[in-house]
Amino acid sequence: MAFFPPIPLIRRNLIVQKLQACGAVSPETAKTLAEAGVVNPNGFRRITVRLVKTGVIKKAAEEKYYID
(Lines give C-alpha, C1' and ligand atoms only; values in the text may rest on other atoms or scores of the structure.)
Protein backbone atom coordinates (compact mmCIF):
# COMPACT_ATOMS: atom_id res chain seq x y z
CA MET A 1 0.00 0.00 0.00
CA ALA A 2 1.32 3.43 -0.96
CA PHE A 3 1.66 6.27 1.51
CA PHE A 4 0.49 9.72 0.47
CA PRO A 5 1.47 12.59 2.74
CA PRO A 6 -1.44 14.68 3.98
CA ILE A 7 -0.54 17.67 1.81
CA PRO A 8 -4.00 19.28 1.91
CA LEU A 9 -4.03 19.17 5.70
CA ILE A 10 -0.49 20.53 5.96
CA ARG A 11 -1.31 23.29 3.48
CA ARG A 12 -4.54 24.16 5.30
CA ASN A 13 -2.74 24.48 8.63
CA LEU A 14 0.04 26.55 7.06
CA ILE A 15 -2.40 29.05 5.54
CA VAL A 16 -4.30 29.45 8.81
CA GLN A 17 -1.10 29.83 10.86
CA LYS A 18 0.38 32.40 8.47
CA LEU A 19 -2.78 34.51 8.44
CA GLN A 20 -2.93 34.45 12.23
CA ALA A 21 0.76 35.29 12.58
CA CYS A 22 0.53 38.37 10.34
CA GLY A 23 -2.57 39.68 12.12
CA ALA A 24 -5.10 39.14 9.32
CA VAL A 25 -8.13 38.99 11.62
CA SER A 26 -10.60 41.38 9.98
CA PRO A 27 -11.47 42.68 6.52
CA GLU A 28 -9.40 45.78 7.28
CA THR A 29 -6.29 43.76 8.12
CA ALA A 30 -6.76 41.10 5.43
CA LYS A 31 -3.64 40.01 3.54
CA THR A 32 -2.91 38.19 0.33
CA LEU A 33 -1.41 34.76 0.87
CA ALA A 34 1.90 36.07 -0.47
CA GLU A 35 1.84 38.96 2.03
CA ALA A 36 1.11 36.46 4.79
CA GLY A 37 4.22 34.49 3.84
CA VAL A 38 2.62 31.44 2.25
CA VAL A 39 5.12 29.83 -0.13
CA ASN A 40 3.70 29.37 -3.64
CA PRO A 41 0.35 30.96 -2.73
CA ASN A 42 -1.36 29.90 -5.98
CA GLY A 43 0.03 26.38 -6.00
CA PHE A 44 -2.91 24.69 -4.29
CA ARG A 45 -5.81 26.91 -5.32
CA ARG A 46 -8.48 24.32 -4.51
CA ILE A 47 -7.40 24.19 -0.88
CA THR A 48 -7.81 27.95 -0.54
CA VAL A 49 -11.23 27.82 -2.22
CA ARG A 50 -12.32 25.03 0.12
CA LEU A 51 -11.14 26.98 3.18
CA VAL A 52 -13.30 29.92 2.10
CA LYS A 53 -16.32 27.74 1.30
CA THR A 54 -16.17 26.01 4.66
CA GLY A 55 -15.70 29.30 6.53
CA VAL A 56 -12.25 28.52 7.94
CA ILE A 57 -10.97 31.73 6.37
CA LYS A 58 -12.88 34.71 4.96
CA LYS A 59 -12.21 36.45 1.68
CA ALA A 60 -11.94 40.22 1.50
CA ALA A 61 -11.41 42.28 -1.65
CA GLU A 62 -8.79 41.44 -4.27
CA GLU A 63 -7.59 38.01 -3.17
CA LYS A 64 -7.08 39.05 0.43
CA TYR A 65 -8.01 36.71 3.25
CA TYR A 66 -8.44 36.83 7.01
CA ILE A 67 -9.30 34.63 9.98
CA ASP A 68 -12.65 35.42 11.55
# chains A, B, ... in the order shown; residues from 1 in each chain; ligands from 1
$ residues_around --residues "Thr32 in chain A" --least-positions-apart "4" --cutoff "7 Å" --atoms "only C-alpha atoms" --output "PyMOL selection string"
chain A and resi 36+63-65
$ select_by_dssp --residues "chain A" --states "strand (DSSP E or B)" --output "ChimeraX atom specification"
/A:31,58-59,65-66
$ select_by_dssp --residues "chain A" --states "helix (DSSP H, G or I)" --output "JSON, numbers by chain"
{"A": [7, 8, 9, 10, 11, 12, 13, 14, 15, 16, 17, 18, 19, 20, 21, 27, 28, 29, 33, 34, 35, 36, 45, 46, 47, 48, 49, 50, 51, 52, 53]}
$ residues_around --residues "range 21-27 of chain A" --least-positions-apart "2" --cutoff "8 Å" --atoms "only C-alpha atoms" --output "count of residues only"
13
$ residues_around --residues "Thr48 in chain A" --least-positions-apart "4" --cutoff "9 Å" --atoms "only C-alpha atoms" --output "list in words"
Arg11, Arg12, Ile15, Pro41, Asn42, Phe44, Val52, Lys53 and Ile57 of chain A
